[in-house]
Amino acid sequence: MTENNKPTNFIRQIIEDDLASGKHSSIHTRFPPEPNGYLHIGHAKSIVLNFGIAEDYHGQCNLRFDDTNPHKEDEEYVEAIKDDVRWLGYQWAGQYFASDYFEQLYGFAIELIEKGKAYVCDLNADQVREFRGTLTEPGKDSPFRDRSVEENLDLFKRMRAGEFDDGARTLRAKIDMASPNMNMRDPAIYRIRRGVVHHQTGDAWCIYPMYDFTHPISDALEGITHSLCTLEFEDHRPLYDWYLDNITIPCHPRQIEFGRLNLEYTVMSKRKLTQLVTEGHVQGWDDPRMPTIAGLRRRGYTPAAIRDFCNRIGVTKSDGTVEMGVLEASIREDLDRCAPRRMAVLDPLRVVITNYPEEQEETLSGPNHPKDESMGTRELKFSRELWIDRADFREEANKKYKRLVTGGEVRLRNAYTIICEKVVKDVSGEIKELHCTYDPDTLGKNPQGRKVRGVIHWVPALSAVPAEVRLYDRLFTVPAPDGEKDKPFQEFLNPESLTVRQAMLEPALADAQPGERFQFEREGYFCRDTREAKAGKLVFNRVVTLRDSWGGG
RNA sequence: UGGGGCGUGGCCAAGUGGUUAAGGCACCGGACUUUGACUCCGGCAUCGCAGGUUCGAAUCCUGCCGCCCCAGCCA
């Protein structure tokens, strides 16, 4: 519902104003990830923002890899990122790498040097830090700040030629060592990185431009009109503008910052997500408990639900933390509409219908969707022995309990009503099976004289399909696992984030396709696991439970 | 103690001097129901605090308070 209406937020307002005033006649945005890890739901917010704006205002959105730090990056990630963006449903106008611009970037650096606005500095990292000053004290000028243009040009060319060691020199912008904005205290433009192989440019370069220098120029080169980034770059905007104002380039995009997405009961930083994987707390980047796009995808989330979620949470400059409930509501809404209904018993308890003939089996039918006849029906086999869920039976219970109790009657979903006559236990006292009788006259109609309130789901013992079902709960036990300063976030890992069940499924589920989603009635939405399917295993992941307004008791 | 931001119900978020302060999620009632689902009805805020300007302020001004970001040759 939210998806059909265009969202409104302060960035879209700026864009509409720019369009109305004629400042721009068309809009061009970009999504600029660094290929150093997998995308997560926070990136989805940025993707939906950037691509959504391009779509709604008939503009374009580029995909650009911010690959200026070969140390951390890898081709593996660029492929994964492209996959995720495509899966989310977007098509980029142009695909670029910041490294595509290395030669031009070098040229602009030369221009800055020639204008006396950049210099080669021989201070090492520690010295630079000392000279930078602190938040409350101004910095001091580098002793190399006043080198001649000729010397700077010569040194910079030799940096490129590989004559100096890593860290020996940097090219720096000559701005203001006393600026209250730390980013303006002669920031580095180029650093030396010899011997690393860049995933795109190989060994063509041994000096690499910094993000702050690269980003505005890349944006300008691509004709980006609005450069959207997260709040922590607010302080970088003066520098973004300074670079564009001090080189010869005909385009000056406007940087606009918005608040990052924070989600309760999970972590979002790349470092922490990496730790979850490498420390073995989850089984990989696509573990269904991960907030990564790959994880959500494998879990069974739909692209539409994620897009809807991103639109629901909005875009502002305030930083808040969104409840999981919003994400869950998005996927429930989508899946309620389109997921076929099936029955699956997660904790099987045998039921014998004692008045049902031993050799008989009949074929019933159940609608694939209670409100959408066009989705058709599927066959259900009914016979003497069935499985129901242990949680759907109690020897005794109060009237709030609407399921099966000793001597009580319930409706078997899509079938007959049954009455529990006898509970059979083993020596240890555990319930082994239930003996029930059914009322043959209750198929598709209510029994006369009684009203049966409860409905439970079931599966025929004869033809049930065994399968592994994985139930997921929140990864952490607290809303903000990384909120505690003195405790590592791992301490809040939820030991019960994954529960495995050996379940019995209705036969129709035997040929579920990998990635196919269903509603297991009264249980939740489930998706056949894609990874395990490759090994031929029938495994289902619980995407999300059904909403449950029952107190529990 | 420097600079940059933010502060509307439990969470997110509209609102841009005159509205009964949108909407979503959550929650609480109730209706319906062969999913304790879905759907449907109804309930649920005076806008961080304190002053001021104004006929009138969440929206303007002042002063407080709280939270976030910044001292990588990371992005």
# chains A, B, ... in the order shown; residues from 1 in each chain; ligands from 1

$ closest_atom_pairs --of "chain B" --to "chain A" --cutoff "7 Å" --atoms "only C-alpha atoms (C1' of nucleotides)" --output "Markdown table"
| residue | atom | partner | partner_atom | distance |
| --- | --- | --- | --- | --- |
| B:G2 | C1' | A:Thr136 | CA | 4.1 |
| B:G3 | C1' | A:Pro180 | CA | 5.0 |
| B:G4 | C1' | A:Asp235 | CA | 5.8 |
| B:C6 | C1' | A:Ser318 | CA | 5.1 |
| B:C11 | C1' | A:Glu323 | CA | 5.7 |
| B:C12 | C1' | A:Ile313 | CA | 5.3 |
| B:A13 | C1' | A:Gly314 | CA | 6.7 |
| B:G24 | C1' | A:Arg312 | CA | 6.5 |
| B:C25 | C1' | A:Val326 | CA | 5.1 |
| B:U34 | C1' | A:Arg413 | CA | 5.7 |
| B:U35 | C1' | A:Arg522 | CA | 4.9 |
| B:G36 | C1' | A:Trp550 | CA | 5.3 |
| B:A37 | C1' | A:Leu546 | CA | 6.4 |
| B:C69 | C1' | A:Glu232 | CA | 5.4 |
| B:C70 | C1' | A:Met182 | CA | 6.8 |
| B:A71 | C1' | A:Thr134 | CA | 5.1 |
| B:C73 | C1' | A:Arg191 | CA | 5.1 |
| B:A75 | C1' | A:Tyr211 | CA | 6.5 |

$ write_last_selection --atoms "C-alpha atoms (C1' of nucleotides)" --output "CSV table (one decimal), in the first residue's frame"
chain,number,residue,atom,x,y,z
B,2,G,C1',35.9,23.5,19.5
B,3,G,C1',32.8,22.3,15.2
B,4,G,C1',28.6,19.9,12.9
B,6,C,C1',19.1,16.1,16.0
B,11,C,C1',8.9,2.8,17.8
B,12,C,C1',9.2,5.3,12.9
B,13,A,C1',7.1,9.8,11.0
B,24,G,C1',2.4,3.3,9.6
B,25,C,C1',4.0,-0.2,13.4
B,34,U,C1',-13.1,-24.1,9.3
B,35,U,C1',-5.9,-20.2,10.3
B,36,G,C1',-6.2,-17.5,18.2
B,37,A,C1',-4.4,-15.4,10.8
B,69,C,C1',28.9,12.6,14.7
B,70,C,C1',34.2,14.5,14.0
B,71,A,C1',41.2,14.4,16.0
B,73,C,C1',47.8,8.1,4.9
B,75,A,C1',34.7,4.7,3.5

$ residues_around --residues "segment 45-49 of chain B" --least-positions-apart "3" --cutoff "7 Å" --atoms "only C-alpha atoms (C1' of nucleotides)" --output "mmCIF file with all heavy atoms, in the first residue's frame"
data_model
loop_
_atom_site.group_PDB
_atom_site.id
_atom_site.type_symbol
_atom_site.label_atom_id
_atom_site.label_comp_id
_atom_site.auth_asym_id
_atom_site.auth_seq_id
_atom_site.Cartn_x
_atom_site.Cartn_y
_atom_site.Cartn_z
ATOM 1 P P G B 7 14.675 16.889 14.860
ATOM 2 O OP1 G B 7 13.571 16.365 14.042
ATOM 3 O OP2 G B 7 14.942 18.337 14.912
ATOM 4 O "O5'" G B 7 14.500 16.408 16.373
ATOM 5 C "C5'" G B 7 14.053 15.066 16.687
ATOM 6 C "C4'" G B 7 14.038 14.972 18.200
ATOM 7 O "O4'" G B 7 15.222 15.627 18.665
ATOM 8 C "C3'" G B 7 12.856 15.656 18.867
ATOM 9 O "O3'" G B 7 12.038 14.707 19.564
ATOM 10 C "C2'" G B 7 13.421 16.572 19.906
ATOM 11 O "O2'" G B 7 13.011 16.195 21.230
ATOM 12 C "C1'" G B 7 14.926 16.316 19.849
ATOM 13 N N9 G B 7 15.738 17.539 19.952
ATOM 14 C C8 G B 7 16.188 18.368 18.969
ATOM 15 N N7 G B 7 16.931 19.360 19.417
ATOM 16 C C5 G B 7 16.973 19.150 20.791
ATOM 17 C C6 G B 7 17.622 19.883 21.820
ATOM 18 O O6 G B 7 18.307 20.894 21.727
ATOM 19 N N1 G B 7 17.394 19.328 23.065
ATOM 20 C C2 G B 7 16.635 18.194 23.302
ATOM 21 N N2 G B 7 16.529 17.807 24.582
ATOM 22 N N3 G B 7 16.036 17.494 22.364
ATOM 23 C C4 G B 7 16.243 18.031 21.140
ATOM 24 P P U B 8 11.266 13.538 18.894
ATOM 25 O OP1 U B 8 11.172 12.426 19.842
ATOM 26 O OP2 U B 8 11.810 13.325 17.541
ATOM 27 O "O5'" U B 8 9.840 14.210 18.764
ATOM 28 C "C5'" U B 8 9.264 14.888 19.869
ATOM 29 C "C4'" U B 8 7.812 15.100 19.619
ATOM 30 O "O4'" U B 8 7.651 15.870 18.393
ATOM 31 C "C3'" U B 8 6.999 13.841 19.363
ATOM 32 O "O3'" U B 8 6.600 13.229 20.582
ATOM 33 C "C2'" U B 8 5.803 14.401 18.607
ATOM 34 O "O2'" U B 8 4.911 15.055 19.499
ATOM 35 C "C1'" U B 8 6.490 15.441 17.722
ATOM 36 N N1 U B 8 6.885 14.921 16.401
ATOM 37 C C2 U B 8 5.893 14.855 15.424
ATOM 38 O O2 U B 8 4.743 15.183 15.631
ATOM 39 N N3 U B 8 6.315 14.374 14.218
ATOM 40 C C4 U B 8 7.577 13.970 13.880
ATOM 41 O O4 U B 8 7.806 13.571 12.749
ATOM 42 C C5 U B 8 8.547 14.061 14.942
ATOM 43 C C6 U B 8 8.170 14.520 16.132
ATOM 44 P P G B 9 7.068 11.732 20.908
ATOM 45 O OP1 G B 9 8.068 11.815 21.990
ATOM 46 O OP2 G B 9 7.447 11.159 19.606
ATOM 47 O "O5'" G B 9 5.801 10.926 21.423
ATOM 48 C "C5'" G B 9 5.650 10.527 22.804
ATOM 49 C "C4'" G B 9 4.325 9.818 22.932
ATOM 50 O "O4'" G B 9 3.482 10.287 21.867
ATOM 51 C "C3'" G B 9 4.371 8.297 22.778
ATOM 52 O "O3'" G B 9 4.221 7.694 24.045
ATOM 53 C "C2'" G B 9 3.137 7.926 21.976
ATOM 54 O "O2'" G B 9 2.113 7.375 22.804
ATOM 55 C "C1'" G B 9 2.601 9.262 21.503
ATOM 56 N N9 G B 9 2.374 9.331 20.054
ATOM 57 C C8 G B 9 3.266 9.218 19.024
ATOM 58 N N7 G B 9 2.712 9.376 17.854
ATOM 59 C C5 G B 9 1.362 9.580 18.139
ATOM 60 C C6 G B 9 0.264 9.807 17.288
ATOM 61 O O6 G B 9 0.249 9.882 16.068
ATOM 62 N N1 G B 9 -0.917 9.972 17.997
ATOM 63 C C2 G B 9 -1.013 9.912 19.378
ATOM 64 N N2 G B 9 -2.225 10.104 19.901
ATOM 65 N N3 G B 9 -0.004 9.719 20.193
ATOM 66 C C4 G B 9 1.138 9.557 19.503
ATOM 67 P P A B 58 1.336 25.105 19.622
ATOM 68 O OP1 A B 58 0.452 25.055 18.452
ATOM 69 O OP2 A B 58 0.931 24.481 20.879
ATOM 70 O "O5'" A B 58 2.742 24.460 19.171
ATOM 71 C "C5'" A B 58 3.543 23.738 20.078
ATOM 72 C "C4'" A B 58 4.699 23.121 19.348
ATOM 73 O "O4'" A B 58 4.195 22.057 18.502
ATOM 74 C "C3'" A B 58 5.417 24.071 18.393
ATOM 75 O "O3'" A B 58 6.421 24.776 19.072
ATOM 76 C "C2'" A B 58 6.016 23.102 17.385
ATOM 77 O "O2'" A B 58 7.197 22.487 17.876
ATOM 78 C "C1'" A B 58 4.922 22.028 17.294
ATOM 79 N N9 A B 58 3.992 22.261 16.191
ATOM 80 C C8 A B 58 2.678 22.627 16.265
ATOM 81 N N7 A B 58 2.100 22.751 15.100
ATOM 82 C C5 A B 58 3.101 22.434 14.197
ATOM 83 C C6 A B 58 3.122 22.388 12.802
ATOM 84 N N6 A B 58 2.074 22.646 12.037
ATOM 85 N N1 A B 58 4.276 22.037 12.209
ATOM 86 C C2 A B 58 5.329 21.772 12.966
ATOM 87 N N3 A B 58 5.443 21.784 14.298
ATOM 88 C C4 A B 58 4.280 22.122 14.861
ATOM 89 P P C B 65 22.819 23.426 30.135
ATOM 90 O OP1 C B 65 23.846 23.318 31.186
ATOM 91 O OP2 C B 65 23.217 23.794 28.753
ATOM 92 O "O5'" C B 65 21.979 22.073 30.095
ATOM 93 C "C5'" C B 65 21.135 21.739 31.197
ATOM 94 C "C4'" C B 65 20.152 20.684 30.776
ATOM 95 O "O4'" C B 65 19.141 21.263 29.915
ATOM 96 C "C3'" C B 65 20.735 19.568 29.940
ATOM 97 O "O3'" C B 65 21.405 18.604 30.728
ATOM 98 C "C2'" C B 65 19.488 19.007 29.272
ATOM 99 O "O2'" C B 65 18.745 18.190 30.155
ATOM 100 C "C1'" C B 65 18.716 20.288 28.978
ATOM 101 N N1 C B 65 18.980 20.785 27.617
ATOM 102 C C2 C B 65 18.359 20.147 26.530
ATOM 103 O O2 C B 65 17.608 19.189 26.755
ATOM 104 N N3 C B 65 18.611 20.584 25.268
ATOM 105 C C4 C B 65 19.436 21.607 25.086
ATOM 106 N N4 C B 65 19.649 22.001 23.824
ATOM 107 C C5 C B 65 20.088 22.262 26.165
ATOM 108 C C6 C B 65 19.840 21.835 27.403
#

$ residues_around --residues "C61 of chain B" --least-positions-apart "6" --cutoff "12 Å" --atoms "only C-alpha atoms (C1' of nucleotides)" --output "ChimeraX atom specification"
/B:51-54

$ atom_distance --atom1 "atom CA of Phe108 of chain A" --atom2 "atom CA of Ile256 of chain A"
23.7 Å

$ residues_around --residues "Ala503 of chain A" --least-positions-apart "4" --cutoff "8 Å" --atoms "only C-alpha atoms (C1' of nucleotides)" --output "ChimeraX atom specification"
/A:344-348,466-469

$ residues_around --residues "G29 of chain B" --least-positions-apart "3" --cutoff "12 Å" --atoms "only C-alpha atoms (C1' of nucleotides)" --output "number ranges by chain"
B: 41-44

$ residues_around --residues "Gly483 of chain A" --least-positions-apart "4" --cutoff "12 Å" --atoms "only C-alpha atoms (C1' of nucleotides)" --output "NGL selection string"
:A and (262 or 264-267 or 321 or 478-479 or 487-492)

$ atom_distance --atom1 "atom CA of Pro238 of chain A" --atom2 "atom CA of Met184 of chain A"
7.8 Å

$ closest_residue --among "B:G10, B:C38, B:U16, B:G63" --to "Gln13 of chain A" --atoms "only C-alpha atoms (C1' of nucleotides)"
B:U16

$ atom_distance --atom1 "atom CA of Asp287 of chain A" --atom2 "atom CA of Val78 of chain A"
19.4 Å

$ residues_around --residues "Gln200 of chain A" --least-positions-apart "4" --cutoff "10 Å" --atoms "only C-alpha atoms (C1' of nucleotides)" --output "short mmCIF file (atom, residue, chain, number, x, y, z; two decimals) with C-alpha atoms, in the first residue's frame"
data_model
loop_
_atom_site.label_atom_id
_atom_site.label_comp_id
_atom_site.auth_asym_id
_atom_site.auth_seq_id
_atom_site.Cartn_x
_atom_site.Cartn_y
_atom_site.Cartn_z
CA ASP A 67 36.99 1.38 -4.70
CA PRO A 70 42.41 -1.74 -2.55
CA GLU A 73 38.19 -4.61 -1.35
CA ASP A 74 37.53 -7.59 -3.53
CA GLU A 75 35.85 -8.52 -6.78
CA PHE A 97 34.09 2.28 -10.49
CA ALA A 98 35.78 5.20 -8.82
CA SER A 99 38.90 3.55 -10.18
CA ASP A 100 37.61 4.32 -13.69
CA ALA A 204 48.74 0.17 -12.58
#

$ select_by_dssp --residues "segment 182-342 of chain A" --states "helix (DSSP H, G or I)" --output "ChimeraX atom specification"
/A:182-184,211-221,231-246,270-278,293-299,303-313,324-338

$ select_by_dssp --residues "segment 143-298 of chain A" --states "strand (DSSP E or B)" --output "MDAnalysis selection string"
chainID A and resid 170:173 188:192 198 202 207:209 226:230 254:258 263 292

$ write_last_selection --atoms "N, CA, C and O atoms" --output "JSON list (two decimals), in the first residue's frame"
[["chain", "number", "residue", "atom", "x", "y", "z"],
["A", 170, "THR", "N", 52.54, 12.04, 1.54],
["A", 170, "THR", "CA", 51.16, 12.13, 1.06],
["A", 170, "THR", "C", 51.01, 13.42, 0.29],
["A", 170, "THR", "O", 51.82, 14.34, 0.47],
["A", 171, "LEU", "N", 49.97, 13.46, -0.53],
["A", 171, "LEU", "CA", 49.63, 14.73, -1.15],
["A", 171, "LEU", "C", 48.50, 15.27, -0.27],
["A", 171, "LEU", "O", 47.58, 14.54, 0.07],
["A", 172, "ARG", "N", 48.61, 16.52, 0.13],
["A", 172, "ARG", "CA", 47.60, 17.11, 1.00],
["A", 172, "ARG", "C", 47.02, 18.39, 0.41],
["A", 172, "ARG", "O", 47.68, 19.13, -0.30],
["A", 173, "ALA", "N", 45.76, 18.63, 0.75],
["A", 173, "ALA", "CA", 45.12, 19.87, 0.33],
["A", 173, "ALA", "C", 45.58, 20.97, 1.28],
["A", 173, "ALA", "O", 45.71, 20.75, 2.48],
["A", 188, "ALA", "N", 44.46, 14.62, 3.61],
["A", 188, "ALA", "CA", 45.22, 13.87, 2.61],
["A", 188, "ALA", "C", 44.39, 13.72, 1.34],
["A", 188, "ALA", "O", 43.17, 13.54, 1.40],
["A", 189, "ILE", "N", 45.05, 13.82, 0.22],
["A", 189, "ILE", "CA", 44.39, 13.62, -1.06],
["A", 189, "ILE", "C", 44.83, 12.28, -1.67],
["A", 189, "ILE", "O", 44.03, 11.53, -2.20],
["A", 190, "TYR", "N", 46.12, 12.03, -1.56],
["A", 190, "TYR", "CA", 46.67, 10.77, -2.07],
["A", 190, "TYR", "C", 47.60, 10.13, -1.04],
["A", 190, "TYR", "O", 48.33, 10.83, -0.35],
["A", 191, "ARG", "N", 47.56, 8.81, -0.98],
["A", 191, "ARG", "CA", 48.52, 8.10, -0.16],
["A", 191, "ARG", "C", 49.19, 7.03, -1.01],
["A", 191, "ARG", "O", 48.67, 6.64, -2.06],
["A", 192, "ILE", "N", 50.34, 6.57, -0.55],
["A", 192, "ILE", "CA", 51.11, 5.58, -1.30],
["A", 192, "ILE", "C", 50.76, 4.17, -0.83],
["A", 192, "ILE", "O", 50.75, 3.90, 0.37],
["A", 198, "HIS", "N", 45.09, -4.02, -7.02],
["A", 198, "HIS", "CA", 43.71, -3.52, -7.00],
["A", 198, "HIS", "C", 42.85, -4.42, -7.87],
["A", 198, "HIS", "O", 43.25, -4.81, -8.96],
["A", 202, "GLY", "N", 44.55, -3.51, -11.03],
["A", 202, "GLY", "CA", 45.76, -4.33, -10.90],
["A", 202, "GLY", "C", 46.91, -3.57, -10.27],
["A", 202, "GLY", "O", 46.76, -2.99, -9.19],
["A", 207, "ILE", "N", 49.67, 4.84, -6.01],
["A", 207, "ILE", "CA", 49.10, 5.88, -5.15],
["A", 207, "ILE", "C", 47.60, 5.82, -5.34],
["A", 207, "ILE", "O", 47.10, 5.55, -6.43],
["A", 208, "TYR", "N", 46.89, 6.02, -4.24],
["A", 208, "TYR", "CA", 45.43, 5.93, -4.30],
["A", 208, "TYR", "C", 44.80, 7.17, -3.69],
["A", 208, "TYR", "O", 45.22, 7.64, -2.62],
["A", 209, "PRO", "N", 43.77, 7.71, -4.38],
["A", 209, "PRO", "CA", 43.10, 8.92, -3.88],
["A", 209, "PRO", "C", 42.18, 8.58, -2.71],
["A", 209, "PRO", "O", 41.65, 7.48, -2.63],
["A", 226, "HIS", "N", 22.13, 15.10, -7.11],
["A", 226, "HIS", "CA", 21.98, 15.06, -5.66],
["A", 226, "HIS", "C", 22.75, 13.86, -5.13],
["A", 226, "HIS", "O", 22.46, 12.72, -5.48],
["A", 227, "SER", "N", 23.73, 14.14, -4.30],
["A", 227, "SER", "CA", 24.60, 13.10, -3.77],
["A", 227, "SER", "C", 24.18, 12.80, -2.34],
["A", 227, "SER", "O", 24.46, 13.56, -1.42],
["A", 228, "LEU", "N", 23.46, 11.69, -2.18],
["A", 228, "LEU", "CA", 22.88, 11.39, -0.88],
["A", 228, "LEU", "C", 23.79, 10.45, -0.08],
["A", 228, "LEU", "O", 24.25, 9.44, -0.58],
["A", 229, "CYS", "N", 24.04, 10.84, 1.16],
["A", 229, "CYS", "CA", 24.89, 10.01, 2.00],
["A", 229, "CYS", "C", 24.40, 10.10, 3.44],
["A", 229, "CYS", "O", 23.47, 10.83, 3.75],
["A", 230, "THR", "N", 25.05, 9.37, 4.31],
["A", 230, "THR", "CA", 24.58, 9.33, 5.69],
["A", 230, "THR", "C", 25.17, 10.46, 6.53],
["A", 230, "THR", "O", 26.15, 11.10, 6.17],
["A", 254, "ARG", "N", 24.91, 18.47, -5.25],
["A", 254, "ARG", "CA", 24.64, 18.88, -3.88],
["A", 254, "ARG", "C", 24.63, 17.65, -2.97],
["A", 254, "ARG", "O", 23.86, 16.72, -3.19],
["A", 255, "GLN", "N", 25.48, 17.67, -1.98],
["A", 255, "GLN", "CA", 25.48, 16.55, -1.02],
["A", 255, "GLN", "C", 24.41, 16.78, 0.03],
["A", 255, "GLN", "O", 24.32, 17.85, 0.62],
["A", 256, "ILE", "N", 23.60, 15.76, 0.26],
["A", 256, "ILE", "CA", 22.55, 15.84, 1.28],
["A", 256, "ILE", "C", 22.66, 14.61, 2.17],
["A", 256, "ILE", "O", 22.81, 13.50, 1.67],
["A", 257, "GLU", "N", 22.64, 14.84, 3.47],
["A", 257, "GLU", "CA", 22.83, 13.73, 4.40],
["A", 257, "GLU", "C", 21.52, 13.33, 5.07],
["A", 257, "GLU", "O", 20.69, 14.16, 5.39],
["A", 258, "PHE", "N", 21.38, 12.02, 5.28],
["A", 258, "PHE", "CA", 20.19, 11.51, 5.98],
["A", 258, "PHE", "C", 20.63, 10.50, 7.04],
["A", 258, "PHE", "O", 21.77, 10.03, 7.02],
["A", 263, "LEU", "N", 18.32, -0.93, 13.52],
["A", 263, "LEU", "CA", 17.24, -1.88, 13.76],
["A", 263, "LEU", "C", 17.47, -2.53, 15.12],
["A", 263, "LEU", "O", 18.60, -2.87, 15.47],
["A", 292, "THR", "N", 21.72, -8.97, 6.63],
["A", 292, "THR", "CA", 22.23, -8.73, 5.26],
["A", 292, "THR", "C", 21.11, -8.99, 4.26],
["A", 292, "THR", "O", 20.16, -9.72, 4.54]]

$ closest_residue --among "A:Phe518, A:Tyr90, A:Tyr243, A:Trp458" --to "Tyr301 of chain A" --atoms "only C-alpha atoms"
A:Phe518
